[in-house]
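Reading through the structure tokens given below for one structure.
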Amino acid sequence: MKKALYIPILLFVGLAKPVLAQESPLFPKGEKSPNVHHVGNVWLTELNAPDSVFAYGTSVAIFDPGARLDWHSHPGGQILIITEGVGYYQEKGKPKQIVKRGEVVKCQPGVEHWHGATPESGVTYIATSPSQKGKTIWLERVTDQEYKGKK
């Protein structure tokens, strides 16, 4: 009788382990970024630094709810792959967009924009940018009115 009880328990534990593994983050949280070009808590992990073969950098950014970057642009553009949560993306002069897990955002070269988390949800993305045209150009802070979508 005892053996019959062990089999379902072992099956449950064996099936539960892969589910738990899927819940853990794919990449480490990284270093907390100093609040120089953003509001709120943001963690960065560099996955690939640009080099002589691959001239683009790739990083993971993790934002707490309410965290957001300042207005900025990328001379060579940038691609964001949203991997967790819900966030915002806005180009200068255009309406703010909601971005979600599984979506890809193409930040065009030289276009002023900002991105970050919503007030209710953190957001995580993988960002890749070519380095040969220069680094990020940081601009002014995103105001609370811009973040909240008010004029």
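Lettering and numbering for the structure tokens are positional, with chains as A, B, ... in the shown order, residues counted from 1 in each chain, and ligands counted from 1 in the shown order.
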Exercise. Just the residues within 10 Å of range 102-117 of chain A, please, counting only C-alpha atoms, with nothing from its chain fewer than 5 positions along; format it as an NGL selection string.
Key: :A and (38-40 or 42 or 61-94 or 96-97 or 122-127 or 129 or 133 or 136-139 or 141-142 or 147)
Exercise. For CA of Ser59 in chain A and CA of Pro34 in chain A, quote the distance in Å rounded to one decimal.
Key: 16.1 Å
Quiz prompt | Straight-line distance linking CA of Gly57 in chain A with CA of Leu44 in chain A, stated in Å to one decimal | solution = 12.5 Å
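Of note, CA of Thr58 in chain A and CA of Glu46 in chain A are spaced 6.2 Å apart.
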Exercise. Please run DSSP on the backbone and report, as an MDAnalysis selection string, all residues within range 45-150 of chain A that come out as strand (DSSP E).
Key: chainID A and resid 45:48 56:63 68:69 72:73 78:91 97:100 104:107 113:117 123:130 137:138
Quiz item: In range 47-149 of chain A, what's alpha helix (DSSP H) per DSSP? Answer as a list of chain:residue names?
Solution: A:Asp144, A:Gln145, A:Glu146, A:Tyr147, A:Lys148
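Considering the residues A:Glu146, A:Thr128, A:Ser33, A:Val99 and counting only C-alpha atoms, Leu47 in chain A has its shortest atom-to-atom contact with A:Thr128.
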